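Raw contents of structure_34.cif, mmCIF, C-alpha atoms and all ligand atoms:
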```cif
data_structure
loop_
_atom_site.label_atom_id
_atom_site.label_comp_id
_atom_site.auth_asym_id
_atom_site.auth_seq_id
_atom_site.Cartn_x
_atom_site.Cartn_y
_atom_site.Cartn_z
CA MET V 173 -8.66 -32.21 -8.43
CA ARG V 174 -11.52 -31.16 -6.16
CA VAL V 175 -11.75 -27.69 -4.59
CA LEU V 176 -13.99 -26.56 -1.74
CA VAL V 177 -15.24 -22.98 -2.04
CA THR V 178 -16.83 -21.06 0.84
CA GLY V 179 -18.86 -17.92 0.22
CA ALA V 180 -19.64 -19.36 -3.21
CA THR V 181 -22.82 -17.34 -3.72
CA GLY V 182 -20.98 -14.14 -2.80
CA THR V 183 -19.25 -11.55 -4.94
CA VAL V 184 -15.85 -13.26 -5.08
CA GLY V 185 -16.75 -16.89 -4.36
CA ARG V 186 -19.03 -17.16 -7.39
CA GLU V 187 -16.21 -15.91 -9.62
CA VAL V 188 -13.75 -18.40 -8.12
CA CYS V 189 -16.26 -21.21 -8.82
CA ARG V 190 -16.83 -20.04 -12.39
CA ALA V 191 -13.09 -19.79 -13.06
CA LEU V 192 -12.52 -23.30 -11.66
CA LEU V 193 -15.42 -24.81 -13.61
CA ALA V 194 -14.13 -23.21 -16.81
CA ARG V 195 -10.84 -25.06 -16.18
CA GLY V 196 -12.61 -28.40 -15.73
CA VAL V 197 -12.00 -28.57 -11.98
CA GLU V 198 -14.46 -30.36 -9.66
CA VAL V 199 -16.02 -27.79 -7.34
CA ARG V 200 -17.64 -28.45 -3.98
CA VAL V 201 -19.57 -25.61 -2.42
CA GLY V 202 -20.02 -25.31 1.34
CA ALA V 203 -23.19 -23.30 1.93
CA ARG V 204 -25.90 -22.61 4.47
CA PRO V 205 -29.22 -24.42 3.90
CA THR V 206 -30.84 -21.06 3.13
CA SER V 207 -28.32 -20.33 0.36
CA ASP V 208 -29.70 -20.55 -3.19
CA VAL V 209 -26.63 -22.08 -4.83
CA PRO V 210 -28.42 -23.33 -8.02
CA ALA V 211 -29.63 -19.80 -8.78
CA VAL V 212 -26.05 -18.50 -8.77
CA LEU V 213 -24.06 -21.56 -9.83
CA PRO V 214 -26.36 -23.92 -11.77
CA LYS V 215 -23.45 -26.12 -12.85
CA VAL V 216 -22.36 -26.96 -9.32
CA THR V 217 -23.91 -30.20 -8.06
CA ASP V 218 -21.65 -30.97 -5.09
CA VAL V 219 -23.15 -28.75 -2.38
CA VAL V 220 -22.58 -29.62 1.30
CA PRO V 221 -24.10 -27.94 4.36
CA PHE V 222 -21.63 -25.53 5.89
CA ASP V 223 -22.30 -22.68 8.30
CA PHE V 224 -19.36 -20.71 9.68
CA THR V 225 -21.19 -20.34 12.99
CA GLU V 226 -21.25 -24.13 13.53
CA PRO V 227 -18.44 -26.69 13.69
CA PRO V 228 -17.92 -28.11 10.16
CA SER V 229 -18.97 -31.72 9.66
CA PRO V 230 -16.25 -34.10 8.34
CA SER V 231 -18.18 -34.43 5.02
CA VAL V 232 -17.26 -30.82 4.16
CA PHE V 233 -13.54 -31.47 3.68
CA GLY V 234 -13.58 -35.19 2.76
CA GLY V 235 -11.81 -35.76 -0.58
CA ILE V 236 -10.87 -32.09 -0.93
CA ASP V 237 -7.44 -31.17 -2.37
CA ALA V 238 -7.59 -27.37 -2.12
CA PHE V 239 -9.76 -24.89 -0.26
CA PHE V 240 -10.84 -21.33 -1.18
CA PHE V 241 -11.32 -19.72 2.20
CA MET V 242 -13.26 -16.48 2.52
CA THR V 243 -14.83 -15.31 5.75
CA PRO V 244 -18.20 -13.54 5.68
CA LEU V 245 -18.72 -10.32 7.60
CA ILE V 246 -19.38 -11.90 11.00
CA GLU V 247 -18.05 -10.78 14.34
CA ASP V 248 -16.37 -13.90 15.76
CA GLN V 249 -14.47 -14.64 12.58
CA VAL V 250 -11.04 -15.14 14.16
CA PRO V 251 -11.89 -18.15 16.41
CA ILE V 252 -14.39 -19.42 13.81
CA SER V 253 -11.71 -19.37 11.13
CA GLN V 254 -9.28 -21.27 13.36
CA ARG V 255 -11.92 -23.98 13.82
CA VAL V 256 -12.43 -24.22 10.06
CA LEU V 257 -8.68 -24.36 9.39
CA ASP V 258 -8.23 -27.08 12.01
CA ALA V 259 -10.98 -29.15 10.35
CA ALA V 260 -9.39 -28.71 6.92
CA GLU V 261 -5.97 -29.74 8.22
CA LYS V 262 -7.39 -32.76 10.06
CA ALA V 263 -9.16 -33.91 6.88
CA GLY V 264 -5.86 -33.80 4.96
CA VAL V 265 -6.54 -30.78 2.73
CA ALA V 266 -3.18 -29.90 1.18
CA HIS V 267 -3.60 -26.29 0.04
CA VAL V 268 -5.58 -23.20 1.04
CA VAL V 269 -6.11 -19.88 -0.74
CA ARG V 270 -7.35 -17.23 1.62
CA LEU V 271 -9.37 -14.15 0.67
CA SER V 272 -8.09 -11.35 2.91
CA SER V 273 -7.96 -7.58 2.43
CA ARG V 274 -5.19 -5.27 1.27
CA SER V 275 -5.40 -3.05 4.35
CA ALA V 276 -4.79 -6.06 6.62
CA GLY V 277 -1.15 -5.48 5.67
CA TRP V 278 -0.87 -1.99 7.10
CA ASP V 279 -3.90 -0.84 9.12
CA HIS V 280 -3.53 -1.81 12.78
CA GLN V 281 -6.51 0.29 13.99
CA SER V 282 -9.60 -1.07 12.25
CA LYS V 283 -11.04 -4.18 13.92
CA LEU V 284 -11.99 -5.97 10.68
CA ARG V 285 -8.56 -5.35 9.17
CA ALA V 286 -6.89 -6.69 12.33
CA TRP V 287 -9.13 -9.78 12.19
CA HIS V 288 -8.12 -10.35 8.57
CA ARG V 289 -4.48 -10.16 9.56
CA MET V 290 -4.92 -12.59 12.44
CA ILE V 291 -6.71 -15.10 10.19
CA ASP V 292 -4.00 -14.72 7.54
CA GLU V 293 -1.41 -15.55 10.21
CA SER V 294 -3.39 -18.66 11.24
CA VAL V 295 -3.45 -19.77 7.60
CA GLN V 296 0.31 -19.26 7.31
CA ARG V 297 0.93 -21.15 10.55
CA SER V 298 -1.06 -24.18 9.35
CA SER V 299 0.65 -27.22 7.86
CA MET V 300 -1.16 -26.62 4.54
CA SER V 301 0.55 -24.82 1.68
CA SER V 302 -1.09 -21.42 1.40
CA VAL V 303 -1.62 -18.23 -0.56
CA ILE V 304 -3.02 -14.98 0.86
CA LEU V 305 -4.97 -12.74 -1.55
CA ARG V 306 -5.22 -9.14 -0.36
CA PRO V 307 -7.51 -7.24 -2.72
CA CYS V 308 -8.37 -3.58 -2.39
CA SER V 309 -12.01 -2.41 -2.72
CA PHE V 310 -14.08 -4.19 -5.36
CA PHE V 311 -15.72 -2.43 -8.32
CA GLN V 312 -18.77 -4.52 -7.35
CA ASN V 313 -19.26 -2.31 -4.26
CA PHE V 314 -20.79 0.22 -6.66
CA ILE V 315 -23.46 -2.38 -7.40
CA LYS V 316 -23.92 -4.04 -4.03
CA TYR V 317 -23.94 -0.90 -1.89
CA GLN V 318 -24.64 1.95 -4.33
CA ALA V 319 -26.98 0.67 -7.06
CA LYS V 320 -30.09 1.63 -5.09
CA THR V 321 -29.12 5.29 -4.67
CA ILE V 322 -27.75 5.44 -8.21
CA ARG V 323 -31.13 4.26 -9.52
CA SER V 324 -33.33 6.31 -7.18
CA MET V 325 -31.25 9.48 -6.63
CA SER V 326 -28.80 9.41 -9.56
CA SER V 327 -26.05 9.65 -6.95
CA ILE V 328 -23.18 7.86 -5.26
CA ILE V 329 -23.21 8.98 -1.63
CA ILE V 330 -20.06 8.07 0.32
CA PRO V 331 -17.62 9.96 2.61
CA GLN V 332 -14.62 9.54 0.34
CA GLY V 333 -13.65 13.08 -0.68
CA ASP V 334 -11.18 13.13 -3.54
CA GLY V 335 -9.63 9.82 -2.45
CA LEU V 336 -8.44 7.53 -5.23
CA VAL V 337 -8.77 3.74 -5.20
CA PRO V 338 -7.56 1.22 -7.84
CA TYR V 339 -10.80 -0.77 -7.59
CA ILE V 340 -10.54 -4.41 -8.64
CA ASP V 341 -13.10 -6.53 -10.47
CA ALA V 342 -14.19 -9.60 -8.45
CA MET V 343 -14.00 -11.54 -11.71
CA ASP V 344 -10.24 -10.86 -11.79
CA ILE V 345 -9.94 -11.99 -8.16
CA GLY V 346 -11.80 -15.17 -9.12
CA GLU V 347 -9.33 -15.85 -11.96
CA ALA V 348 -6.38 -15.16 -9.67
CA GLY V 349 -7.89 -17.39 -6.99
CA ALA V 350 -8.26 -20.25 -9.45
CA GLU V 351 -4.65 -19.85 -10.61
CA CYS V 352 -3.40 -19.94 -6.99
CA LEU V 353 -5.62 -22.92 -6.13
CA LEU V 354 -4.42 -24.96 -9.09
CA ASP V 355 -0.69 -24.28 -8.88
CA SER V 356 0.16 -24.67 -5.21
CA GLU V 357 3.83 -25.31 -5.91
CA LYS V 358 4.29 -22.02 -7.75
CA HIS V 359 2.34 -19.83 -5.33
CA ASP V 360 2.88 -21.46 -1.91
CA GLY V 361 3.84 -18.91 0.73
CA GLN V 362 2.95 -15.88 -1.38
CA THR V 363 0.84 -12.91 -0.32
CA TYR V 364 -0.56 -11.08 -3.33
CA VAL V 365 -1.90 -7.55 -3.13
CA LEU V 366 -4.57 -7.31 -5.83
CA THR V 367 -5.59 -3.98 -7.35
CA GLY V 368 -6.89 -2.67 -10.62
CA ALA V 369 -4.55 -1.06 -13.12
CA ARG V 370 -5.52 2.54 -12.33
CA ALA V 371 -6.90 4.44 -9.35
CA TYR V 372 -10.22 6.29 -9.66
CA GLY V 373 -12.11 8.71 -7.43
CA ALA V 374 -15.80 8.19 -6.68
CA LYS V 375 -16.47 11.21 -8.92
CA GLY V 376 -14.82 9.43 -11.85
CA VAL V 377 -16.76 6.24 -11.21
CA ALA V 378 -20.03 8.21 -11.06
CA ALA V 379 -19.19 9.96 -14.33
CA GLU V 380 -18.40 6.67 -16.07
CA ILE V 381 -21.60 4.97 -14.88
CA GLY V 382 -23.54 8.05 -16.03
CA ARG V 383 -21.86 7.97 -19.44
CA VAL V 384 -22.67 4.31 -19.98
CA ILE V 385 -26.29 4.40 -18.77
CA GLY V 386 -26.95 7.75 -20.49
CA LYS V 387 -27.95 9.69 -17.37
CA PRO V 388 -25.76 12.01 -15.24
CA ILE V 389 -24.74 10.45 -11.93
CA MET V 390 -23.45 12.71 -9.15
CA PHE V 391 -20.91 11.97 -6.44
CA ILE V 392 -22.05 13.39 -3.10
CA ASP V 393 -19.21 13.56 -0.57
CA VAL V 394 -21.34 13.01 2.51
CA ASP V 395 -20.05 13.91 5.96
CA GLU V 396 -18.59 10.92 7.86
CA SER V 397 -20.90 11.26 10.86
CA ALA V 398 -23.97 11.41 8.58
CA ALA V 399 -22.78 8.24 6.82
CA GLN V 400 -22.23 6.62 10.21
CA ASP V 401 -25.76 7.54 11.38
CA ALA V 402 -27.29 6.19 8.16
CA MET V 403 -25.43 2.87 8.42
CA LEU V 404 -26.31 2.43 12.10
CA GLN V 405 -29.96 3.32 11.45
CA ALA V 406 -30.01 0.71 8.68
CA GLY V 407 -29.25 -1.88 11.38
CA ASN V 408 -25.54 -2.50 10.71
CA PRO V 409 -23.55 -3.50 13.82
CA PRO V 410 -21.10 -0.84 15.11
CA TRP V 411 -17.98 -2.92 14.25
CA LEU V 412 -19.14 -3.21 10.61
CA VAL V 413 -19.92 0.52 10.40
CA GLU V 414 -16.45 1.24 11.79
CA ALA V 415 -14.97 -1.08 9.14
CA ALA V 416 -16.83 0.65 6.30
CA LEU V 417 -15.87 4.12 7.55
CA ALA V 418 -12.23 3.03 7.81
CA VAL V 419 -12.27 2.11 4.11
CA PHE V 420 -13.58 5.55 3.10
CA ALA V 421 -11.33 7.41 5.57
CA SER V 422 -8.16 5.75 4.34
CA ALA V 423 -9.14 6.41 0.73
CA LYS V 424 -9.87 10.06 1.59
CA ALA V 425 -6.46 10.32 3.29
CA GLY V 426 -4.77 9.09 0.10
CA LEU V 427 -3.70 5.76 1.62
CA GLU V 428 -5.52 3.52 -0.89
CA ALA V 429 -4.27 4.89 -4.20
CA ALA V 430 -1.27 2.64 -4.87
CA VAL V 431 -1.48 0.23 -7.82
CA ASP V 432 0.09 -3.23 -7.54
CA PRO V 433 1.21 -5.25 -10.59
CA SER V 434 0.46 -8.71 -9.10
CA ILE V 435 -2.88 -9.20 -10.83
CA THR V 436 -1.33 -8.68 -14.27
CA GLU V 437 1.43 -11.15 -13.40
CA LEU V 438 -1.08 -13.74 -12.15
CA LEU V 439 -3.51 -13.39 -15.06
CA GLY V 440 -1.07 -12.63 -17.88
CA ARG V 441 -3.28 -9.71 -18.90
CA PRO V 442 -4.15 -6.27 -17.52
CA ALA V 443 -6.79 -5.95 -14.81
CA THR V 444 -10.35 -5.13 -15.90
CA SER V 445 -10.75 -1.39 -16.39
CA LEU V 446 -13.52 0.81 -15.02
CA SER V 447 -15.07 1.15 -18.49
CA GLU V 448 -15.05 -2.61 -19.07
CA PHE V 449 -16.63 -3.23 -15.67
CA VAL V 450 -19.34 -0.61 -16.12
CA GLU V 451 -20.20 -1.70 -19.68
CA ARG V 452 -20.50 -5.34 -18.56
CA ASN V 453 -22.81 -4.46 -15.64
CA ARG V 454 -24.79 -1.53 -17.06
CA GLU V 455 -28.17 -3.13 -16.25
CA ALA V 456 -27.32 -3.04 -12.51
CA TRP V 457 -27.84 0.74 -12.42
CA THR V 458 -30.83 1.12 -14.75
N1 LIG V 501 -16.04 -5.49 -0.62
C1 LIG V 501 -14.77 -5.17 -0.74
O1 LIG V 501 -14.43 -4.17 -1.38
C2 LIG V 501 -13.72 -6.03 -0.08
C3 LIG V 501 -12.37 -5.70 -0.28
C4 LIG V 501 -11.37 -6.51 0.28
C5 LIG V 501 -11.74 -7.62 1.04
N2 LIG V 501 -13.06 -7.91 1.22
C6 LIG V 501 -13.41 -9.10 2.05
O2 LIG V 501 -14.12 -10.02 1.23
C7 LIG V 501 -14.95 -10.81 2.08
C8 LIG V 501 -16.37 -10.78 1.54
O3 LIG V 501 -16.36 -11.39 0.27
P1 LIG V 501 -17.58 -11.20 -0.72
O4 LIG V 501 -17.84 -9.74 -0.89
O5 LIG V 501 -17.31 -12.06 -1.88
O6 LIG V 501 -18.78 -11.83 0.15
P2 LIG V 501 -20.32 -11.48 0.03
O7 LIG V 501 -20.69 -11.10 -1.35
O8 LIG V 501 -20.68 -10.59 1.18
O9 LIG V 501 -20.98 -12.91 0.28
C9 LIG V 501 -20.92 -13.55 1.52
C10 LIG V 501 -20.88 -15.05 1.26
O10 LIG V 501 -20.71 -15.75 2.49
C11 LIG V 501 -21.79 -16.64 2.69
N3 LIG V 501 -22.10 -16.65 4.12
C12 LIG V 501 -22.53 -15.62 4.88
N4 LIG V 501 -22.66 -16.02 6.15
C13 LIG V 501 -22.33 -17.33 6.19
C14 LIG V 501 -22.28 -18.31 7.22
N5 LIG V 501 -22.61 -18.02 8.49
N6 LIG V 501 -21.89 -19.55 6.90
C15 LIG V 501 -21.57 -19.90 5.62
N7 LIG V 501 -21.58 -19.01 4.59
C16 LIG V 501 -21.97 -17.74 4.89
C17 LIG V 501 -22.92 -16.09 1.85
O11 LIG V 501 -23.79 -17.14 1.51
P3 LIG V 501 -25.40 -17.08 1.55
O12 LIG V 501 -25.78 -15.66 1.91
O13 LIG V 501 -25.82 -17.51 0.19
O14 LIG V 501 -25.77 -18.04 2.63
C18 LIG V 501 -22.17 -15.59 0.64
O15 LIG V 501 -21.85 -16.65 -0.22
C19 LIG V 501 -14.86 -10.23 3.48
O16 LIG V 501 -13.94 -10.98 4.22
C20 LIG V 501 -14.36 -8.83 3.20
O17 LIG V 501 -13.70 -8.26 4.31
C21 LIG V 501 -14.05 -7.16 0.69
#
```
Could you render the structure as structure tokens?
Ligand SMILES: NC(=O)c1ccc[n+]([C@@H]2O[C@H](COP(=O)([O-])OP(=O)(O)OC[C@H]3O[C@@H](n4cnc5c(N)ncnc54)[C@H](OP(=O)(O)O)[C@@H]3O)[C@@H](O)[C@H]2O)c1
Amino acid sequence: MRVLVTGATGTVGREVCRALLARGVEVRVGARPTSDVPAVLPKVTDVVPFDFTEPPSPSVFGGIDAFFFMTPLIEDQVPISQRVLDAAEKAGVAHVVRLSSRSAGWDHQSKLRAWHRMIDESVQRSSMSSVILRPCSFFQNFIKYQAKTIRSMSSIIIPQGDGLVPYIDAMDIGEAGAECLLDSEKHDGQTYVLTGARAYGAKGVAAEIGRVIGKPIMFIDVDESAAQDAMLQAGNPPWLVEAALAVFASAKAGLEAAVDPSITELLGRPATSLSEFVERNREAWT
């Protein structure tokens, strides 16, 4: 079996690749020429040029049985995704596992969440068997977006109030993705909401990181407009800033706290806990 993975150098894609390789599956990575795949996935040798912003060449999907389909944070992702799905279908790919977002299921205001929902619907309309993965916020956001301020200011600075989120480890999503890619018969037509086993506030995450690295870390509940200004000044496009603020606002409003059992059912074990995640990644914050 050969699986094509997009976004393979990213937070989730790399974990999907690792989980597939550990199961002896042949992995093809579709990546931009600028992408340093060997640095992230040294065991992957089948790397084909693939840029979401350009029509995919037939070599991308040739000989592929299943496709892990994530979309990067780009603005035209709905029509771009349709083009990618059409190419996969035309090449005879049988099965697709789509990385979506939990809030695509209920938030009809945020642009990015609406785009996720529209792409999910395109996947479900295709002739391929399909699985939709809808994870909540990743634990890895505390590395990708917060490590710098944790290191330099001993703080997590986000407009999240006391909002609780059952953060999920991207490694667990990768394992779940591999399971859904490899057993299309069992999972076809399913939409899985993926969360951790317990919801945490940003204050609790800060305290746990501080405990593990041996230095107190504060949670600063910054005002939403100040967070918006900072993100815009950092050069983020308005639609992406809106998307990020929507995540914090819904957490603050208590809309993100629910825990879903799907990950335990898919993996046959509990989701990775906050302590396990922080211990495994302690060097990211020191
Ligand atoms: N963060 C969260 O908490 C969260 C929660 C739920 C859902 N999601 C969804 O998860 C997705 C992001 O996944 P992620 O965090 O794993 O991604 P990520 O870490 O941001 O990585 C992006 C990946 O996409 C690749 N990429 C970027 N632009 C590309 C292009 N034009 N053509 C081809 N490849 C391109 C990057 O490759 P190179 O840079 O190496 O070229 C990289 O592999 C989004 O759809 C997001 O909405 C995120």
Residues at most 9 Å from Leu284 (chain V), counting only C-alpha atoms, excluding those fewer than 2 positions away in the same chain, as a PDB file with C-alpha atoms, in the frame of the given file?
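New file out-v1.pdb:
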```
ATOM      1  CA  LEU V 245     -18.720 -10.320   7.600  1.00  0.00           C
ATOM      2  CA  GLU V 247     -18.050 -10.780  14.340  1.00  0.00           C
ATOM      3  CA  ALA V 276      -4.790  -6.060   6.620  1.00  0.00           C
ATOM      4  CA  GLN V 281      -6.510   0.290  13.990  1.00  0.00           C
ATOM      5  CA  SER V 282      -9.600  -1.070  12.250  1.00  0.00           C
ATOM      6  CA  ALA V 286      -6.890  -6.690  12.330  1.00  0.00           C
ATOM      7  CA  TRP V 287      -9.130  -9.780  12.190  1.00  0.00           C
ATOM      8  CA  HIS V 288      -8.120 -10.350   8.570  1.00  0.00           C
ATOM      9  CA  ARG V 289      -4.480 -10.160   9.560  1.00  0.00           C
ATOM     10  CA  TRP V 411     -17.980  -2.920  14.250  1.00  0.00           C
ATOM     11  CA  LEU V 412     -19.140  -3.210  10.610  1.00  0.00           C
ATOM     12  CA  GLU V 414     -16.450   1.240  11.790  1.00  0.00           C
ATOM     13  CA  ALA V 415     -14.970  -1.080   9.140  1.00  0.00           C
TER      14      ALA V 415
END
```
Given only C-alpha atoms and all ligand atoms as the counted atoms, nearest of V:Glu226, V:Asp218, V:Asp334, V:Asp292 to ligand LIG 501 (chain V):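 When distances to ligand LIG 501 (chain V) are compared using only C-alpha atoms and all ligand atoms, the smallest one comes from V:Glu226.
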Distance query Gly182 (chain V) at most 10 Å, only C-alpha atoms, self and fewer than 2 positions along chain excluded, as a count of residues only: 13
Among the residues V:Val450, V:Leu439, V:Ile291, V:Ala238, the one that comes closest to ligand LIG 501 (chain V) [using all atoms listed in the file]: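 Of the candidates, the smallest distance to ligand LIG 501 (chain V) is held by V:Ile291.
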Best match for closeness to Asp360 (chain V) among V:Thr183, V:Ser301, V:Ser447, V:Ser273, counting all atoms listed in the file: V:Ser301
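Put simply, CA of Leu353 (chain V) is 18.6 Å away from CA of Ser253 (chain V).
If all atoms listed in the file are the atoms counted, then among V:Ala350, V:Met290, V:Ala319, V:Ala430 the closest residue to Arg195 (chain V) is V:Ala350.
What separates CA of Arg297 (chain V) from CA of Thr367 (chain V) is a distance of 25.6 Å.
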Residue with smallest distance to ligand LIG 501 (chain V) - pool V:Arg370, V:Arg285, V:Lys262, V:Arg200, counting all atoms listed in the file: V:Arg285
Counting only C-alpha atoms and all ligand atoms, the residue of V:Ala371, V:Met325, V:Val216, V:Leu366 that sits nearest ligand LIG 501 (chain V):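 Of the candidates, the smallest distance to ligand LIG 501 (chain V) is held by V:Leu366.
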List the residues sitting within 8 Å of (-10.5, -31.1, -3.8) in the file's frame, using all atoms listed in the file, as a short mmCIF file (atom, residue, chain, number, x, y, z; two decimals) with C-alpha atoms, keeping the file's coordinate frame.
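After the write, selection_36.cif holds the following:
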```cif
data_model
loop_
_atom_site.label_atom_id
_atom_site.label_comp_id
_atom_site.auth_asym_id
_atom_site.auth_seq_id
_atom_site.Cartn_x
_atom_site.Cartn_y
_atom_site.Cartn_z
CA MET V 173 -8.66 -32.21 -8.43
CA ARG V 174 -11.52 -31.16 -6.16
CA VAL V 175 -11.75 -27.69 -4.59
CA LEU V 176 -13.99 -26.56 -1.74
CA GLU V 198 -14.46 -30.36 -9.66
CA VAL V 199 -16.02 -27.79 -7.34
CA ARG V 200 -17.64 -28.45 -3.98
CA GLY V 235 -11.81 -35.76 -0.58
CA ILE V 236 -10.87 -32.09 -0.93
CA ASP V 237 -7.44 -31.17 -2.37
CA ALA V 238 -7.59 -27.37 -2.12
CA PHE V 239 -9.76 -24.89 -0.26
CA VAL V 265 -6.54 -30.78 2.73
#
```
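The spacing separating atom C21 of ligand LIG 501 (chain V) from CA of Ala398 (chain V) amounts to 22.5 Å.
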Neighbour list for Asp258 (chain V) as number ranges by chain, cut-off 12 Å, all atoms listed in the file, skip fewer than 2 positions in-chain: V: 227-230, 233, 251-256, 260-265, 268, 294-295, 297-300
Deliver the residues from the most recent selection as a file, using C-alpha atoms, as a short mmCIF file (atom, residue, chain, number, x, y, z; two decimals), keeping the file's coordinate frame.
```cif
data_model
loop_
_atom_site.label_atom_id
_atom_site.label_comp_id
_atom_site.auth_asym_id
_atom_site.auth_seq_id
_atom_site.Cartn_x
_atom_site.Cartn_y
_atom_site.Cartn_z
CA PRO V 227 -18.44 -26.69 13.69
CA PRO V 228 -17.92 -28.11 10.16
CA SER V 229 -18.97 -31.72 9.66
CA PRO V 230 -16.25 -34.10 8.34
CA PHE V 233 -13.54 -31.47 3.68
CA PRO V 251 -11.89 -18.15 16.41
CA ILE V 252 -14.39 -19.42 13.81
CA SER V 253 -11.71 -19.37 11.13
CA GLN V 254 -9.28 -21.27 13.36
CA ARG V 255 -11.92 -23.98 13.82
CA VAL V 256 -12.43 -24.22 10.06
CA ALA V 260 -9.39 -28.71 6.92
CA GLU V 261 -5.97 -29.74 8.22
CA LYS V 262 -7.39 -32.76 10.06
CA ALA V 263 -9.16 -33.91 6.88
CA GLY V 264 -5.86 -33.80 4.96
CA VAL V 265 -6.54 -30.78 2.73
CA VAL V 268 -5.58 -23.20 1.04
CA SER V 294 -3.39 -18.66 11.24
CA VAL V 295 -3.45 -19.77 7.60
CA ARG V 297 0.93 -21.15 10.55
CA SER V 298 -1.06 -24.18 9.35
CA SER V 299 0.65 -27.22 7.86
CA MET V 300 -1.16 -26.62 4.54
#
```
Expected answer as number ranges by chain: all residues with atoms within 7 Å of (-5.5, 7.7, -4.2), only C-alpha atoms: V: 335-337, 371, 423, 426-430
Residues near region 377-387 of chain V, cut-off 8 Å, all atoms listed in the file, skip fewer than 6 positions along chain, as a PyMOL selection string: chain V and resi 326-328+446-447+450-451+454+457-458
Residue contacts of Ile435 (chain V) (9 Å, only C-alpha atoms) excluding same-chain residues fewer than 4 positions away, as JSON, numbers by chain: {"V": [344, 345, 348, 364, 365, 366, 367, 368, 369, 439, 440, 441, 442, 443]}
Keeping only C-alpha atoms, take the residues you just selected and write them out as a JSON list (two decimals), keeping the file's coordinate frame.
```
[["chain", "number", "residue", "atom", "x", "y", "z"],
["V", 344, "ASP", "CA", -10.24, -10.86, -11.79],
["V", 345, "ILE", "CA", -9.94, -11.99, -8.16],
["V", 348, "ALA", "CA", -6.38, -15.16, -9.67],
["V", 364, "TYR", "CA", -0.56, -11.08, -3.33],
["V", 365, "VAL", "CA", -1.90, -7.55, -3.13],
["V", 366, "LEU", "CA", -4.57, -7.31, -5.83],
["V", 367, "THR", "CA", -5.59, -3.98, -7.35],
["V", 368, "GLY", "CA", -6.89, -2.67, -10.62],
["V", 369, "ALA", "CA", -4.55, -1.06, -13.12],
["V", 439, "LEU", "CA", -3.51, -13.39, -15.06],
["V", 440, "GLY", "CA", -1.07, -12.63, -17.88],
["V", 441, "ARG", "CA", -3.28, -9.71, -18.90],
["V", 442, "PRO", "CA", -4.15, -6.27, -17.52],
["V", 443, "ALA", "CA", -6.79, -5.95, -14.81]]
```
Output as lines of an AutoDock Vina configuration file the centre and edge lengths (Å, one decimal) of the box along x, y and z of the file that holds every listed atom of region 242-250 of chain V after adding 6 Å on each side.
```
center_x = -15.2
center_y = -13.4
center_z = 9.1
size_x = 20.3
size_y = 18.2
size_z = 25.2
```
File output, region 283-294 of chain V (N, CA and C atoms) as a CSV table (one decimal), in the first residue's frame:
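out-v7.csv, freshly written:
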```
chain,number,residue,atom,x,y,z
V,283,LYS,N,-14.5,32.5,9.0
V,283,LYS,CA,-14.2,32.1,7.6
V,283,LYS,C,-13.5,30.8,7.5
V,284,LEU,N,-12.4,30.6,8.3
V,284,LEU,CA,-11.5,29.4,8.2
V,284,LEU,C,-12.4,28.2,8.5
V,285,ARG,N,-13.2,28.3,9.5
V,285,ARG,CA,-14.0,27.1,9.9
V,285,ARG,C,-15.0,26.8,8.8
V,286,ALA,N,-15.6,27.8,8.2
V,286,ALA,CA,-16.5,27.6,7.1
V,286,ALA,C,-15.8,27.0,5.9
V,287,TRP,N,-14.6,27.4,5.7
V,287,TRP,CA,-13.8,26.8,4.6
V,287,TRP,C,-13.5,25.3,4.8
V,288,HIS,N,-13.2,25.0,6.1
V,288,HIS,CA,-13.0,23.6,6.5
V,288,HIS,C,-14.2,22.8,6.2
V,289,ARG,N,-15.4,23.4,6.6
V,289,ARG,CA,-16.6,22.6,6.4
V,289,ARG,C,-16.9,22.4,4.9
V,290,MET,N,-16.6,23.4,4.1
V,290,MET,CA,-16.9,23.3,2.6
V,290,MET,C,-16.0,22.2,2.0
V,291,ILE,N,-14.7,22.2,2.4
V,291,ILE,CA,-13.8,21.2,1.9
V,291,ILE,C,-14.2,19.8,2.4
V,292,ASP,N,-14.6,19.7,3.6
V,292,ASP,CA,-15.1,18.4,4.1
V,292,ASP,C,-16.2,17.9,3.2
V,293,GLU,N,-17.1,18.8,2.9
V,293,GLU,CA,-18.3,18.4,2.1
V,293,GLU,C,-17.8,18.0,0.7
V,294,SER,N,-16.8,18.6,0.1
V,294,SER,CA,-16.3,18.2,-1.2
V,294,SER,C,-15.7,16.8,-1.1
```
